[in-house]
There are 2 protein chains.
Amino acid sequence: MKPNFSLPLRIFNLNCWGIPYLSKHRGDRVKRLGDFLNMESFDLALLEEVWSEQDFQYLRQKLLPTYPAAHYFRSGVIGSGLCVFSKHPIQEFTQHVYTLNGYPYMIHHGDWFCGKAVGLLVLHLSGLVLNAYVTHLHAEYNRQKDIYLAHRVAQAWELAQFIHHTSKKADVVLLCGDLNLHPKDLGCRLLKEWTGLHDAYLETRDFKGSEEGCTMVPENCYVNQRELEAFPFGIRIDYVLYKAVSGFYISCKTLRTTTGHDPHSGTPLSDHEALMATLCVRHSPPQHTPSATHGPAERSRLISVLKEAWAELDLGMAQARWWATFAGYVIGLGLLLLALLCALAAGGGVREVAIMLWTPSVGLLLGAGAVYLFHMQEAKGLSRARAELQHMLGRAREAHDLDPESQAALFLGQQEGDRSEEQ
Amino acid sequence: MKPNFSLPLRIFNLNCWGIPYLSKHRGDRVKRLGDFLNMESFDLALLEEVWSEQDFQYLRQKLLPTYPAAHYFRSGVIGSGLCVFSKHPIQEFTQHVYTLNGYPYMIHHGDWFCGKAVGLLVLHLSGLVLNAYVTHLHAEYNRQKDIYLAHRVAQAWELAQFIHHTSKKADVVLLCGDLNLHPKDLGCRLLKEWTGLHDAYLETRDFKGSEEGCTMVPENCYVNQRELEAFPFGIRIDYVLYKAVSGFYISCKTLRTTTGHDPHSGTPLSDHEALMATLCVRHSPPQHTPSATHGPAERSRLISVLKEAWAELDLGMAQARWWATFAGYVIGLGLLLLALLCALAAGGGVREVAIMLWTPSVGLLLGAGAVYLFHMQEAKGLSRARAELQHMLGRAREAHDLDPESQAALFLGQQEGDRSEEQ
């Protein structure tokens with residue numbers, strides 16, 4: 001590799017809103033997306049919410065000349081909705097399906113059936129190893145009373161851990177996707193602090209697009225305006241995040257978003273805005289070499305966010321156990337009811353009523369059984385993430401205690417944490 | 001690190017058969033296991049089938065002075081049953097729960113409820129990075145007609161991929177556990193070929209223990225003798241596997257197994273035999289440096305086993321889709337039956353019969369719905385593993401085609417594959 005080595009990377013990310021039968025103008029939007037991707041010829045196009053495999057196959061055929069490599073990440077009942085198109089050969093790919101992803105009985109939300117996941121691609125570009133990740137976390141349906149908060153925090157942690165453990169030999173790490181997290185949300189901070197990924201929007205000096213880099217904006221005709229009432233400019237929940245691991249330096253030259261319209265006019269490509277980043281990988285100048293260990297300020301921020309995530313998962317666990325216990329009582333009640341109905345049916349008198357009540361009783365029993373099993377599994381999943389967090393918190397604290405400089409920074413971090421709890 | 005650096009590693013592995021209420025003499029065996037581990041003071045003790053968290057907590061307390069670090073891997077409804085005790089600090093840990101793990105309606109087998117997984121520990125020992133993995137794959141209940149074969153092959157592939165992607169910067173990789181695979185089984189060959197792990201039993205020159213290294217032997221009083229009828233010496237399904245990744249060389253100095261008895265007399269510690277290995281890590285002499293790329297013979301074996309696994313997953317997918325289609329028809333039938341019953345109930349005459357048939361009809365409908373969803377998800381999971389295999393097969397073939405030497409080796413590999421298919 002030459003000393004003045006420089007590798008430009010043009011990246012495209014879009015949540016495509018491709019729900020068969022439900023998403024408006026799906027066919028037309030997919031067609032226009034294909035035309036746009038072909039015309040722009042990015043290095044990598046990472047897509048979410050391509051729920052129909054037919055749409056992926058259509059795009060694959062259409063994009064074959066420009067993007068010879070492609071992959072669709074299958075999981076869950078419906079699928080993860082994730083896919084990628086690459087101008088460069090894909091060396092390896094794999095995926096990790098999140099342990100927790102909502103509740104099967106919240107059918108109208110549907111996330112549980114999707115099998116939300118993170119997909120990993122390994123590419124070798126001009127002698128460097130690029131690990132590109134694409135993901136889509138559980139949606140946020142009610143920001144004021146978010147019953148999925150613990151699941152999303154657990155997903156953010158699993159995502160961070162998956163990246164941490166699979167990218168140790170990568171030169172460059174790239175994560176794109178719909179995180180369903182605002183920039184200051186706990187999950188987003190946890191992910192950034194633990195992986196050291198940088199946010200293209202915050203890093204670039206050349207940004208053009210929607211106000212504040214939002215990726216769901218009120219100007220978009222497909223967006224439910226009621227959901228954005230509290231956010232006049234919209235919300236930023238889709239990201240391009242990156243880091244260089246060793247000996248390399250990566251920067252974001254330009255970042256563009258669509259602004260509620262087709263890039264060339266007409267109706268938008270999706271209800272989300274597309275992100276288009278031009279990254280540049282160079283040999284690391286000595287002053288930019290990322291240090292292997294965190295400094296006291298970073299460590300203090302990490303400790304603070306790990307503590308916050310731990311507390312959130314703990315709350316989630318208590319909730320999951322409450323539901324499991326409640327379902328346990330309902331199972332007991334259902335069994336009692338069934339015994340009573342059997343006695344009534346055998347005794348005559350209200351026999352017909354007893355027989356009629358069989359169906360709901362058996363249903364109650366089976367339903368409560370399923371709810372019990374589900375929440376037991378939920379508690380185990382949250383407990384697993386909490387244990388990992390606790391371990392890393394312990395290790396971060398140890399490192400911190402060994403460093404006298406850190407004490408002041410930790411104190412400041414705690415104050416910040418307290419303030420955010422008060423808000 | 002000194003040039004004559006040498007690190008001995010004493011490893012213990014046991015499937016503990018710790019099913020609450022069902023496994024005989026559980027309390028006594030757990031107590032004796034604790035005494036034995038304390039006395040022997042291994043570097044790492046990796047345990048499977050510790051289904052009760054109380055047993056883990058008991059061992060943790062008992063082993064604390066000798067093994068200050070410990071972790072219990074939680075997953076699924078019951079748990080993964082995996083835990084570890086380490087003499088050395090654990091730097092990091094995480095886990096991967098297998099996507100496919102049997103069927104929820106096979107309640108008597110119970111694997112689905114366990115959330116079988118692979119646990120990863122990262123340890124830093126004398127300046128080298130050790131990635132230790134512990135796992136337990138789906139049990140084999142009927143070797144002649146194994147309905148879980150595709151799931152076990154998919155698990156072996158996920159395990160291999162997890163190790164492959166998370167160990168890229170490790171100096172030494174260690175995998176222990178109950179694979180529920182005989183040494184020549186497809187899953188075992190796939191795992192070894194893809195990860196390059198070596199089998200301690202095959203590598204060591206100093207083995208003492210049961211005949212042919214078996215880990216379930218007829219001499220063990222807890223073993224169901226009928227299950228071993230076809231195997232007079234027993235079966236070898238528990239393993240210590242290892243490799244050194246770069247600059248290091250690892251060898252197995254000694255391997256011991258228990259032989260159906262307590263290591264010091266009395267009843268055995270479990271229905272499985274314990275494995276005790278003394279490994280030795282050294283700086284790699286030049287002739288032992290493992291080559292980064294496979295040679296033609298290795299590549300040919302890899303291609304052959306990838307093809308075999310692909311075919312097995314393909315069969316599994318066809319089966320899963322058949323079940324999903326069948327469940328779809330049953331759903332249709334159930335809906336028809338319900339409509340008919342409604343009409344009969346409204347019309348009078350056989351009203352009571354109609355009402356009585358409601359429960360089974362609704363049950364049929366819900367049951368078929370659940371079976372449909374489950375097998376759709378199963379097909380997606382198998383399809384995911386098959387796609388990864390197919391990609392790696394393509395890449396292995398490309399590398400092979402570029403190397404003229406490989407043609408003869410591939411031909412030989414194919415012949416071997418054909419022979420094994422004929423058997």
# chains A, B, ... in the order shown; residues from 1 in each chain; ligands from 1
call {"tool": "select_by_dssp", "arguments": {"residues": "region 72-286 of chain B", "states": "strand (DSSP E or B)", "output": "number ranges by chain"}}
result
B: 72, 83-86, 92-97, 117-125, 128-136, 172-178, 198-199, 207-208, 216, 235, 238-244, 248-257, 275-283
call {"tool": "closest_atom_pairs", "arguments": {"of": "chain B", "to": "chain A", "cutoff": "9 Å", "atoms": "only C-alpha atoms", "output": "JSON lines"}}
result
{"residue": "B:His71", "atom": "CA", "partner": "A:Ala387", "partner_atom": "CA", "distance": 8.8}
{"residue": "B:Tyr72", "atom": "CA", "partner": "A:Arg384", "partner_atom": "CA", "distance": 8.8}
{"residue": "B:Phe73", "atom": "CA", "partner": "A:Arg384", "partner_atom": "CA", "distance": 6.9}
{"residue": "B:Arg74", "atom": "CA", "partner": "A:Arg384", "partner_atom": "CA", "distance": 5.4}
{"residue": "B:Ser75", "atom": "CA", "partner": "A:Lys380", "partner_atom": "CA", "distance": 5.4}
{"residue": "B:Gly76", "atom": "CA", "partner": "A:Gln377", "partner_atom": "CA", "distance": 5.0}
{"residue": "B:Val77", "atom": "CA", "partner": "A:Gln377", "partner_atom": "CA", "distance": 4.3}
{"residue": "B:Ile78", "atom": "CA", "partner": "A:Gln377", "partner_atom": "CA", "distance": 7.6}
{"residue": "B:Gly79", "atom": "CA", "partner": "A:Lys380", "partner_atom": "CA", "distance": 7.3}
{"residue": "B:Gln91", "atom": "CA", "partner": "A:Arg395", "partner_atom": "CA", "distance": 7.8}
{"residue": "B:Glu92", "atom": "CA", "partner": "A:Met392", "partner_atom": "CA", "distance": 7.3}
{"residue": "B:Phe93", "atom": "CA", "partner": "A:Glu388", "partner_atom": "CA", "distance": 6.8}
{"residue": "B:Thr94", "atom": "CA", "partner": "A:Glu388", "partner_atom": "CA", "distance": 6.8}
{"residue": "B:Gln95", "atom": "CA", "partner": "A:Arg384", "partner_atom": "CA", "distance": 8.7}
{"residue": "B:His96", "atom": "CA", "partner": "A:His96", "partner_atom": "CA", "distance": 8.0}
{"residue": "B:Val97", "atom": "CA", "partner": "A:Thr99", "partner_atom": "CA", "distance": 7.7}
{"residue": "B:Thr99", "atom": "CA", "partner": "A:Val97", "partner_atom": "CA", "distance": 7.6}
{"residue": "B:Phe113", "atom": "CA", "partner": "A:Leu373", "partner_atom": "CA", "distance": 8.7}
{"residue": "B:Gly115", "atom": "CA", "partner": "A:Gln377", "partner_atom": "CA", "distance": 8.8}
{"residue": "B:Glu158", "atom": "CA", "partner": "A:Thr94", "partner_atom": "CA", "distance": 8.9}
{"residue": "B:Gln161", "atom": "CA", "partner": "A:Thr94", "partner_atom": "CA", "distance": 7.5}
{"residue": "B:Phe162", "atom": "CA", "partner": "A:Thr166", "partner_atom": "CA", "distance": 8.5}
{"residue": "B:His164", "atom": "CA", "partner": "A:Thr166", "partner_atom": "CA", "distance": 8.8}
{"residue": "B:His165", "atom": "CA", "partner": "A:Thr166", "partner_atom": "CA", "distance": 5.1}
{"residue": "B:Thr166", "atom": "CA", "partner": "A:Thr166", "partner_atom": "CA", "distance": 4.6}
{"residue": "B:Ser167", "atom": "CA", "partner": "A:Thr166", "partner_atom": "CA", "distance": 7.6}
{"residue": "B:Lys168", "atom": "CA", "partner": "A:Lys169", "partner_atom": "CA", "distance": 5.9}
{"residue": "B:Lys169", "atom": "CA", "partner": "A:Lys169", "partner_atom": "CA", "distance": 5.7}
{"residue": "B:Ala170", "atom": "CA", "partner": "A:Lys168", "partner_atom": "CA", "distance": 8.9}
{"residue": "B:Glu352", "atom": "CA", "partner": "A:Glu352", "partner_atom": "CA", "distance": 7.3}
{"residue": "B:Ile355", "atom": "CA", "partner": "A:Met356", "partner_atom": "CA", "distance": 6.4}
{"residue": "B:Met356", "atom": "CA", "partner": "A:Ile355", "partner_atom": "CA", "distance": 6.4}
{"residue": "B:Trp358", "atom": "CA", "partner": "A:Thr359", "partner_atom": "CA", "distance": 6.7}
{"residue": "B:Thr359", "atom": "CA", "partner": "A:Thr359", "partner_atom": "CA", "distance": 4.7}
{"residue": "B:Pro360", "atom": "CA", "partner": "A:Thr359", "partner_atom": "CA", "distance": 8.3}
{"residue": "B:Val362", "atom": "CA", "partner": "A:Thr359", "partner_atom": "CA", "distance": 7.6}
{"residue": "B:Gly363", "atom": "CA", "partner": "A:Gly363", "partner_atom": "CA", "distance": 7.9}
{"residue": "B:Leu373", "atom": "CA", "partner": "A:Val77", "partner_atom": "CA", "distance": 6.2}
{"residue": "B:Phe374", "atom": "CA", "partner": "A:Val77", "partner_atom": "CA", "distance": 7.4}
{"residue": "B:His375", "atom": "CA", "partner": "A:Val77", "partner_atom": "CA", "distance": 8.3}
{"residue": "B:Met376", "atom": "CA", "partner": "A:Val77", "partner_atom": "CA", "distance": 5.5}
{"residue": "B:Gln377", "atom": "CA", "partner": "A:Val77", "partner_atom": "CA", "distance": 4.3}
{"residue": "B:Glu378", "atom": "CA", "partner": "A:Val77", "partner_atom": "CA", "distance": 8.1}
{"residue": "B:Ala379", "atom": "CA", "partner": "A:Val77", "partner_atom": "CA", "distance": 8.7}
{"residue": "B:Lys380", "atom": "CA", "partner": "A:Ser75", "partner_atom": "CA", "distance": 5.4}
{"residue": "B:Gly381", "atom": "CA", "partner": "A:Ser75", "partner_atom": "CA", "distance": 5.8}
{"residue": "B:Ser383", "atom": "CA", "partner": "A:Arg74", "partner_atom": "CA", "distance": 7.1}
{"residue": "B:Arg384", "atom": "CA", "partner": "A:Arg74", "partner_atom": "CA", "distance": 5.4}
{"residue": "B:Ala385", "atom": "CA", "partner": "A:Thr94", "partner_atom": "CA", "distance": 8.7}
{"residue": "B:Ala387", "atom": "CA", "partner": "A:His71", "partner_atom": "CA", "distance": 8.8}
{"residue": "B:Glu388", "atom": "CA", "partner": "A:Phe93", "partner_atom": "CA", "distance": 6.8}
{"residue": "B:His391", "atom": "CA", "partner": "A:Glu92", "partner_atom": "CA", "distance": 7.6}
{"residue": "B:Met392", "atom": "CA", "partner": "A:Glu92", "partner_atom": "CA", "distance": 7.3}
{"residue": "B:Arg395", "atom": "CA", "partner": "A:Gln91", "partner_atom": "CA", "distance": 7.8}
call {"tool": "select_by_dssp", "arguments": {"residues": "region 47-282 of chain B", "states": "alpha helix (DSSP H)", "output": "ChimeraX atom specification"}}
result
/B:53-63,111-114,149-166,186-195,200-203
call {"tool": "residues_around", "arguments": {"residues": "Leu175 (chain B)", "least_positions_apart": "6", "cutoff": "9 Å", "atoms": "only C-alpha atoms", "output": "PDB file with N, CA, C and O atoms, in the first residue's frame"}}
result
ATOM      1  N   ASN B 131      -9.361 -16.978  23.157  1.00  0.00           N
ATOM      2  CA  ASN B 131     -10.817 -17.020  23.000  1.00  0.00           C
ATOM      3  C   ASN B 131     -11.272 -18.435  23.332  1.00  0.00           C
ATOM      4  O   ASN B 131     -10.929 -19.376  22.614  1.00  0.00           O
ATOM      5  N   ALA B 132     -12.014 -18.573  24.436  1.00  0.00           N
ATOM      6  CA  ALA B 132     -12.518 -19.893  24.814  1.00  0.00           C
ATOM      7  C   ALA B 132     -14.018 -19.931  24.560  1.00  0.00           C
ATOM      8  O   ALA B 132     -14.747 -19.034  24.978  1.00  0.00           O
ATOM      9  N   TYR B 133     -14.448 -20.962  23.856  1.00  0.00           N
ATOM     10  CA  TYR B 133     -15.866 -21.123  23.529  1.00  0.00           C
ATOM     11  C   TYR B 133     -16.399 -22.369  24.223  1.00  0.00           C
ATOM     12  O   TYR B 133     -15.693 -23.379  24.312  1.00  0.00           O
ATOM     13  N   VAL B 134     -17.632 -22.290  24.697  1.00  0.00           N
ATOM     14  CA  VAL B 134     -18.274 -23.474  25.271  1.00  0.00           C
ATOM     15  C   VAL B 134     -19.653 -23.591  24.630  1.00  0.00           C
ATOM     16  O   VAL B 134     -20.341 -22.596  24.429  1.00  0.00           O
ATOM     17  N   THR B 135     -20.016 -24.802  24.274  1.00  0.00           N
ATOM     18  CA  THR B 135     -21.308 -24.962  23.596  1.00  0.00           C
ATOM     19  C   THR B 135     -21.950 -26.314  23.860  1.00  0.00           C
ATOM     20  O   THR B 135     -21.326 -27.232  24.410  1.00  0.00           O
ATOM     21  N   ILE B 163     -17.277 -18.575  15.652  1.00  0.00           N
ATOM     22  CA  ILE B 163     -15.856 -18.682  16.001  1.00  0.00           C
ATOM     23  C   ILE B 163     -15.001 -17.964  14.958  1.00  0.00           C
ATOM     24  O   ILE B 163     -14.114 -17.177  15.289  1.00  0.00           O
ATOM     25  N   LEU B 197      -9.990 -26.058  13.546  1.00  0.00           N
ATOM     26  CA  LEU B 197      -9.734 -26.524  14.912  1.00  0.00           C
ATOM     27  C   LEU B 197      -9.254 -27.972  14.911  1.00  0.00           C
ATOM     28  O   LEU B 197      -9.680 -28.781  14.088  1.00  0.00           O
ATOM     29  N   TYR B 239     -16.025 -32.778  23.233  1.00  0.00           N
ATOM     30  CA  TYR B 239     -14.733 -32.490  22.598  1.00  0.00           C
ATOM     31  C   TYR B 239     -13.960 -31.379  23.300  1.00  0.00           C
ATOM     32  O   TYR B 239     -14.546 -30.473  23.888  1.00  0.00           O
ATOM     33  N   VAL B 240     -12.640 -31.463  23.159  1.00  0.00           N
ATOM     34  CA  VAL B 240     -11.755 -30.325  23.402  1.00  0.00           C
ATOM     35  C   VAL B 240     -11.077 -30.074  22.057  1.00  0.00           C
ATOM     36  O   VAL B 240     -10.349 -30.934  21.556  1.00  0.00           O
ATOM     37  N   LEU B 241     -11.370 -28.927  21.460  1.00  0.00           N
ATOM     38  CA  LEU B 241     -10.807 -28.577  20.149  1.00  0.00           C
ATOM     39  C   LEU B 241     -10.010 -27.284  20.310  1.00  0.00           C
ATOM     40  O   LEU B 241     -10.370 -26.423  21.118  1.00  0.00           O
ATOM     41  N   TYR B 242      -8.959 -27.122  19.521  1.00  0.00           N
ATOM     42  CA  TYR B 242      -8.130 -25.915  19.695  1.00  0.00           C
ATOM     43  C   TYR B 242      -7.375 -25.578  18.429  1.00  0.00           C
ATOM     44  O   TYR B 242      -7.216 -26.407  17.522  1.00  0.00           O
TER      45      TYR B 242
END
call {"tool": "residues_around", "arguments": {"residues": "Lys31 (chain B)", "least_positions_apart": "2", "cutoff": "12 Å", "atoms": "only C-alpha atoms", "output": "short mmCIF file (atom, residue, chain, number, x, y, z; two decimals) with N, CA and C atoms, in the first residue's frame"}}
result
data_model
loop_
_atom_site.label_atom_id
_atom_site.label_comp_id
_atom_site.auth_asym_id
_atom_site.auth_seq_id
_atom_site.Cartn_x
_atom_site.Cartn_y
_atom_site.Cartn_z
N CYS B 16 -22.84 -31.92 32.66
CA CYS B 16 -23.11 -32.28 34.06
C CYS B 16 -24.41 -33.05 34.31
N GLY B 18 -27.55 -32.03 34.73
CA GLY B 18 -28.11 -31.42 35.94
C GLY B 18 -29.55 -30.98 35.77
N HIS B 25 -29.26 -38.25 41.74
CA HIS B 25 -28.18 -37.86 42.67
C HIS B 25 -27.54 -36.52 42.28
N ARG B 26 -28.38 -35.59 41.80
CA ARG B 26 -27.83 -34.34 41.28
C ARG B 26 -27.05 -33.57 42.35
N GLY B 27 -27.66 -33.41 43.50
CA GLY B 27 -27.03 -32.63 44.57
C GLY B 27 -25.68 -33.20 44.94
N ASP B 28 -25.65 -34.50 45.13
CA ASP B 28 -24.42 -35.17 45.52
C ASP B 28 -23.35 -35.02 44.43
N ARG B 29 -23.78 -35.18 43.19
CA ARG B 29 -22.81 -35.10 42.08
C ARG B 29 -22.24 -33.69 41.95
N LEU B 33 -18.43 -32.72 42.25
CA LEU B 33 -17.78 -32.00 41.15
C LEU B 33 -17.04 -30.78 41.69
N GLY B 34 -17.69 -30.04 42.59
CA GLY B 34 -17.06 -28.87 43.20
C GLY B 34 -15.78 -29.26 43.92
N ASP B 35 -15.84 -30.34 44.71
CA ASP B 35 -14.64 -30.79 45.44
C ASP B 35 -13.51 -31.13 44.47
N PHE B 36 -13.89 -31.85 43.42
CA PHE B 36 -12.89 -32.29 42.44
C PHE B 36 -12.24 -31.09 41.74
N LEU B 37 -13.07 -30.13 41.31
CA LEU B 37 -12.54 -28.95 40.60
C LEU B 37 -11.63 -28.14 41.53
N ASN B 38 -12.03 -28.02 42.78
CA ASN B 38 -11.20 -27.30 43.76
C ASN B 38 -9.85 -27.98 43.94
N ASP B 55 -27.61 -24.46 41.18
CA ASP B 55 -26.41 -25.30 41.13
C ASP B 55 -25.19 -24.45 40.77
N PHE B 56 -25.38 -23.54 39.80
CA PHE B 56 -24.27 -22.67 39.42
C PHE B 56 -23.84 -21.80 40.60
N GLN B 57 -24.84 -21.23 41.30
CA GLN B 57 -24.51 -20.34 42.43
C GLN B 57 -23.79 -21.11 43.54
N TYR B 58 -24.24 -22.37 43.75
CA TYR B 58 -23.59 -23.22 44.75
C TYR B 58 -22.12 -23.44 44.37
N LEU B 59 -21.90 -23.81 43.10
CA LEU B 59 -20.52 -24.04 42.62
C LEU B 59 -19.70 -22.76 42.69
N ARG B 60 -20.34 -21.65 42.34
CA ARG B 60 -19.62 -20.37 42.34
C ARG B 60 -19.06 -20.06 43.73
N GLN B 61 -19.92 -20.25 44.74
CA GLN B 61 -19.49 -20.00 46.12
C GLN B 61 -18.36 -20.94 46.51
N LYS B 62 -18.57 -22.23 46.17
CA LYS B 62 -17.62 -23.25 46.57
C LYS B 62 -16.26 -23.08 45.88
N LEU B 63 -16.32 -22.63 44.62
CA LEU B 63 -15.09 -22.58 43.82
C LEU B 63 -14.40 -21.21 43.87
N LEU B 269 -19.65 -38.67 37.98
CA LEU B 269 -20.03 -37.27 38.17
C LEU B 269 -21.23 -36.89 37.31
N SER B 270 -21.47 -37.69 36.24
CA SER B 270 -22.52 -37.36 35.29
C SER B 270 -22.78 -38.58 34.42
#
call {"tool": "residues_around", "arguments": {"residues": "Pro268 (chain A)", "least_positions_apart": "2", "cutoff": "9 Å", "atoms": "only C-alpha atoms", "output": "ChimeraX atom specification"}}
result
/A:29,220-222,258-263,265-266,270-273
call {"tool": "closest_residue", "arguments": {"among": "A:Val129, A:Ala311, A:Val30, A:Met106", "to": "Arg386 (chain A)", "atoms": "only C-alpha atoms"}}
result
A:Ala311
call {"tool": "atom_distance", "arguments": {"atom1": "CA of Leu302 (chain B)", "atom2": "CA of Cys176 (chain B)"}}
result
22.0 Å
call {"tool": "atom_distance", "arguments": {"atom1": "CA of Ser251 (chain B)", "atom2": "CA of Ala200 (chain B)"}}
result
8.1 Å
call {"tool": "residues_around", "arguments": {"residues": "Lys87 (chain A)", "least_positions_apart": "5", "cutoff": "12 Å", "atoms": "only C-alpha atoms", "output": "mmCIF file with N, CA, C and O atoms, in the first residue's frame"}}
result
data_model
loop_
_atom_site.group_PDB
_atom_site.id
_atom_site.type_symbol
_atom_site.label_atom_id
_atom_site.label_comp_id
_atom_site.auth_asym_id
_atom_site.auth_seq_id
_atom_site.Cartn_x
_atom_site.Cartn_y
_atom_site.Cartn_z
ATOM 1 N N LEU A 9 -15.003 6.142 -0.521
ATOM 2 C CA LEU A 9 -16.095 5.154 -0.398
ATOM 3 C C LEU A 9 -17.425 5.891 -0.468
ATOM 4 O O LEU A 9 -17.700 6.739 0.386
ATOM 5 N N ARG A 10 -18.217 5.567 -1.470
ATOM 6 C CA ARG A 10 -19.530 6.226 -1.580
ATOM 7 C C ARG A 10 -20.598 5.251 -1.087
ATOM 8 O O ARG A 10 -20.768 4.164 -1.624
ATOM 9 N N ILE A 11 -21.311 5.698 -0.061
ATOM 10 C CA ILE A 11 -22.241 4.819 0.651
ATOM 11 C C ILE A 11 -23.665 5.356 0.535
ATOM 12 O O ILE A 11 -23.890 6.568 0.680
ATOM 13 N N PHE A 12 -24.618 4.441 0.348
ATOM 14 C CA PHE A 12 -26.034 4.817 0.299
ATOM 15 C C PHE A 12 -26.784 4.012 1.342
ATOM 16 O O PHE A 12 -26.570 2.804 1.470
ATOM 17 N N LEU A 37 -30.005 4.114 -7.987
ATOM 18 C CA LEU A 37 -28.781 3.422 -7.560
ATOM 19 C C LEU A 37 -27.893 3.111 -8.753
ATOM 20 O O LEU A 37 -26.672 3.241 -8.690
ATOM 21 N N ASN A 38 -28.511 2.711 -9.861
ATOM 22 C CA ASN A 38 -27.737 2.432 -11.072
ATOM 23 C C ASN A 38 -27.027 3.673 -11.570
ATOM 24 O O ASN A 38 -25.851 3.627 -11.944
ATOM 25 N N GLU A 40 -26.209 6.417 -9.860
ATOM 26 C CA GLU A 40 -25.211 6.979 -8.937
ATOM 27 C C GLU A 40 -23.998 6.072 -8.744
ATOM 28 O O GLU A 40 -22.926 6.533 -8.388
ATOM 29 N N SER A 41 -24.207 4.779 -8.924
ATOM 30 C CA SER A 41 -23.109 3.809 -8.807
ATOM 31 C C SER A 41 -22.288 3.990 -7.525
ATOM 32 O O SER A 41 -21.114 4.332 -7.559
ATOM 33 N N PHE A 42 -22.956 3.756 -6.387
ATOM 34 C CA PHE A 42 -22.271 3.824 -5.089
ATOM 35 C C PHE A 42 -21.352 2.609 -4.923
ATOM 36 O O PHE A 42 -21.496 1.618 -5.638
ATOM 37 N N ASP A 43 -20.470 2.678 -3.941
ATOM 38 C CA ASP A 43 -19.669 1.489 -3.624
ATOM 39 C C ASP A 43 -20.538 0.453 -2.914
ATOM 40 O O ASP A 43 -20.440 -0.736 -3.163
ATOM 41 N N LEU A 44 -21.372 0.960 -2.002
ATOM 42 C CA LEU A 44 -22.239 0.071 -1.215
ATOM 43 C C LEU A 44 -23.597 0.725 -1.051
ATOM 44 O O LEU A 44 -23.663 1.909 -0.681
ATOM 45 N N ALA A 45 -24.665 -0.038 -1.280
ATOM 46 C CA ALA A 45 -26.009 0.452 -0.981
ATOM 47 C C ALA A 45 -26.601 -0.487 0.061
ATOM 48 O O ALA A 45 -26.690 -1.699 -0.183
ATOM 49 N N LEU A 46 -26.962 0.059 1.219
ATOM 50 C CA LEU A 46 -27.489 -0.756 2.312
ATOM 51 C C LEU A 46 -28.945 -0.372 2.540
ATOM 52 O O LEU A 46 -29.246 0.804 2.776
ATOM 53 N N LEU A 63 -29.859 -4.220 -10.822
ATOM 54 C CA LEU A 63 -28.592 -3.592 -10.416
ATOM 55 C C LEU A 63 -27.363 -4.432 -10.764
ATOM 56 O O LEU A 63 -26.230 -3.990 -10.521
ATOM 57 N N LEU A 64 -27.596 -5.635 -11.312
ATOM 58 C CA LEU A 64 -26.498 -6.569 -11.542
ATOM 59 C C LEU A 64 -25.290 -5.960 -12.271
ATOM 60 O O LEU A 64 -24.147 -6.154 -11.835
ATOM 61 N N PRO A 65 -25.507 -5.182 -13.340
ATOM 62 C CA PRO A 65 -24.327 -4.656 -14.030
ATOM 63 C C PRO A 65 -23.508 -3.690 -13.160
ATOM 64 O O PRO A 65 -22.290 -3.653 -13.239
ATOM 65 N N THR A 66 -24.185 -2.882 -12.344
ATOM 66 C CA THR A 66 -23.474 -1.870 -11.544
ATOM 67 C C THR A 66 -23.014 -2.440 -10.201
ATOM 68 O O THR A 66 -21.975 -2.060 -9.675
ATOM 69 N N TYR A 67 -23.850 -3.302 -9.616
ATOM 70 C CA TYR A 67 -23.540 -3.878 -8.295
ATOM 71 C C TYR A 67 -23.545 -5.411 -8.428
ATOM 72 O O TYR A 67 -24.561 -6.053 -8.163
ATOM 73 N N PRO A 68 -22.422 -5.990 -8.838
ATOM 74 C CA PRO A 68 -22.444 -7.447 -9.114
ATOM 75 C C PRO A 68 -22.686 -8.293 -7.867
ATOM 76 O O PRO A 68 -23.129 -9.421 -7.977
ATOM 77 N N ALA A 69 -22.399 -7.760 -6.659
ATOM 78 C CA ALA A 69 -22.599 -8.561 -5.447
ATOM 79 C C ALA A 69 -23.797 -8.036 -4.671
ATOM 80 O O ALA A 69 -24.012 -6.828 -4.574
ATOM 81 N N ALA A 70 -24.590 -8.974 -4.124
ATOM 82 C CA ALA A 70 -25.772 -8.585 -3.355
ATOM 83 C C ALA A 70 -26.092 -9.678 -2.352
ATOM 84 O O ALA A 70 -25.708 -10.836 -2.538
ATOM 85 N N LEU A 123 -15.510 -6.997 3.259
ATOM 86 C CA LEU A 123 -15.001 -6.663 1.918
ATOM 87 C C LEU A 123 -13.508 -6.387 1.995
ATOM 88 O O LEU A 123 -13.037 -5.829 2.996
ATOM 89 N N HIS A 124 -12.799 -6.770 0.969
ATOM 90 C CA HIS A 124 -11.367 -6.439 0.872
ATOM 91 C C HIS A 124 -11.224 -5.393 -0.228
ATOM 92 O O HIS A 124 -11.449 -5.683 -1.405
ATOM 93 N N LEU A 125 -10.854 -4.168 0.162
ATOM 94 C CA LEU A 125 -10.762 -3.080 -0.809
ATOM 95 C C LEU A 125 -9.354 -2.520 -0.802
ATOM 96 O O LEU A 125 -8.900 -2.006 0.231
#
